[in-house]
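Asker: Shown below is the structure under consideration.
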Amino acid sequence: QVQLVESGGGLVVPGGSLRLSCVASEIFSIYSMGWYRQAPGKQRELVASISSSGTIHYGDSVKGRFTFSRDNAPNTMYLQMNSLKPEDTAVYYCYMREASDPPYDYWGQGTQVTVSS
């Protein structure tokens with residue numbers, strides 16, 4: 001069973017930066033991958049994702065502040081978060097969608113990001 005391990009969350013002051021990492025325990029064929037977040041009392045929302053074609057999509061609330069990147073060996077992805085705002089406070093989850101039939105999604109355990117002065 002593939003496991004995704006996240007790291008890099010924590011407490012940061014407004015305007016600060018954090019870098020999240022997500023590493024898969026095995027190498028497998030990936031169709032897409034990305035990050036979601038969920039704040040208390042709110043629905044999970046897409047933060048950033050990359051498709052099989054390499055196109056990166058960002059949620060409107062993080063465009064221009066967050067940057068998604070990845071390494072292929074092993075399956076690793078990052079989320080560089082700059083100019084953080086209190087409204088970015090949430091649990092951040094990474095996912096990787098396996099290129100299988102049917103496709104299967106693996107999820108990380110979540111990492112807390114708190115932006116507060």
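By convention in this document, the chains of the structure tokens carry letters A, B, ... by their order, each chain's residues are numbered from 1, and ligands are numbered from 1 in the order they are shown.
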Do a neighbour search on region 30-36 of chain A at 7 Å with only C-alpha atoms, toss out local chain neighbours closer than 4 positions, and write the hits as a ChimeraX atom specification.

Answerer: /A:44-52,92-99

Asker: If you run DSSP over the backbone, which residues in chain A end up strand (DSSP E or B)? Put them as a ChimeraX atom specification.

Answerer: /A:4-7,10-12,18-24,30-38,45-50,56-58,66-71,76-81,90-98,104-108,111-115

Asker: Skipping near chain neighbours, those fewer than 6 positions away, what residues fall within 7 Å of Val13 (chain A) using only C-alpha atoms, listed as a PyMOL selection string?

Answerer: chain A and resi 115-117

Asker: Report, in Å to a single decimal, how far apart CA of Gln1 (chain A) and CA of Gln43 (chain A) are.

Answerer: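 CA of Gln1 (chain A) lies at a distance of 27.2 Å from CA of Gln43 (chain A).
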
Asker: Counting only C-alpha atoms, what is within 7 Å of region 68-84 of chain A, bar same-chain residues fewer than 5 positions away, as a ChimeraX atom specification?

Answerer: /A:14-24,27,48,115

Asker: Please produce a file of the residues just selected, as a short mmCIF file (atom, residue, chain, number, x, y, z; two decimals), in the first residue's frame, where the atoms kept are N, CA, C and O atoms.

Answerer:
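File again-v4.cif, as written:
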```cif
data_model
loop_
_atom_site.label_atom_id
_atom_site.label_comp_id
_atom_site.auth_asym_id
_atom_site.auth_seq_id
_atom_site.Cartn_x
_atom_site.Cartn_y
_atom_site.Cartn_z
N PRO A 14 1.80 36.25 9.69
CA PRO A 14 1.33 36.74 8.38
C PRO A 14 2.47 37.37 7.59
O PRO A 14 3.30 38.11 8.14
N GLY A 15 2.48 37.06 6.29
CA GLY A 15 3.57 37.52 5.43
C GLY A 15 4.73 36.56 5.35
O GLY A 15 5.63 36.74 4.51
N GLY A 16 4.73 35.55 6.20
CA GLY A 16 5.82 34.58 6.21
C GLY A 16 5.67 33.51 5.14
O GLY A 16 4.75 33.54 4.31
N SER A 17 6.60 32.56 5.18
CA SER A 17 6.64 31.49 4.17
C SER A 17 6.80 30.13 4.83
O SER A 17 7.38 30.01 5.91
N LEU A 18 6.28 29.13 4.15
CA LEU A 18 6.47 27.74 4.53
C LEU A 18 6.62 26.91 3.25
O LEU A 18 6.09 27.30 2.19
N ARG A 19 7.31 25.78 3.39
CA ARG A 19 7.42 24.86 2.26
C ARG A 19 6.96 23.48 2.70
O ARG A 19 7.54 22.90 3.62
N LEU A 20 5.93 22.98 2.07
CA LEU A 20 5.41 21.65 2.36
C LEU A 20 6.03 20.64 1.40
O LEU A 20 6.27 20.95 0.23
N SER A 21 6.26 19.44 1.91
CA SER A 21 6.78 18.34 1.09
C SER A 21 5.85 17.14 1.22
O SER A 21 5.21 16.95 2.27
N CYS A 22 5.80 16.34 0.18
CA CYS A 22 4.99 15.12 0.18
C CYS A 22 5.77 14.07 -0.59
O CYS A 22 6.09 14.27 -1.77
N VAL A 23 6.11 12.97 0.08
CA VAL A 23 6.92 11.91 -0.52
C VAL A 23 6.14 10.61 -0.50
O VAL A 23 5.59 10.22 0.54
N ALA A 24 6.11 9.91 -1.64
CA ALA A 24 5.45 8.61 -1.72
C ALA A 24 6.42 7.51 -1.29
O ALA A 24 7.62 7.60 -1.55
N ILE A 27 7.54 4.07 -5.84
CA ILE A 27 7.46 4.70 -7.16
C ILE A 27 6.34 4.01 -7.94
O ILE A 27 6.31 2.79 -8.02
N ALA A 48 -3.42 23.46 -5.37
CA ALA A 48 -2.63 23.37 -6.59
C ALA A 48 -2.61 21.93 -7.05
O ALA A 48 -2.66 21.01 -6.24
N VAL A 115 -1.44 30.39 10.34
CA VAL A 115 -0.88 31.72 10.08
C VAL A 115 -1.50 32.68 11.09
O VAL A 115 -2.69 32.97 11.04
#
```

Asker: Quick one: pull the distance between CA of Trp107 (chain A) and CA of Val5 (chain A), Å, one decimal.

Answerer: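 Straight-line distance from CA of Trp107 (chain A) to CA of Val5 (chain A) works out to 8.8 Å.
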
Asker: Given the choices A:Arg37, A:Tyr58, A:Ser53, A:Lys63, which gets closest to Gly9 (chain A) if the distance is worked out from only C-alpha atoms?

Answerer: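 So, comparing all the options, the nearest one is A:Arg37.
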
Asker: Can you measure CA of Gly10 (chain A) to CA of Gln38 (chain A) for me? One decimal in Å is fine.

Answerer: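 Atom-to-atom, CA of Gly10 (chain A) to CA of Gln38 (chain A), that is 15.0 Å.
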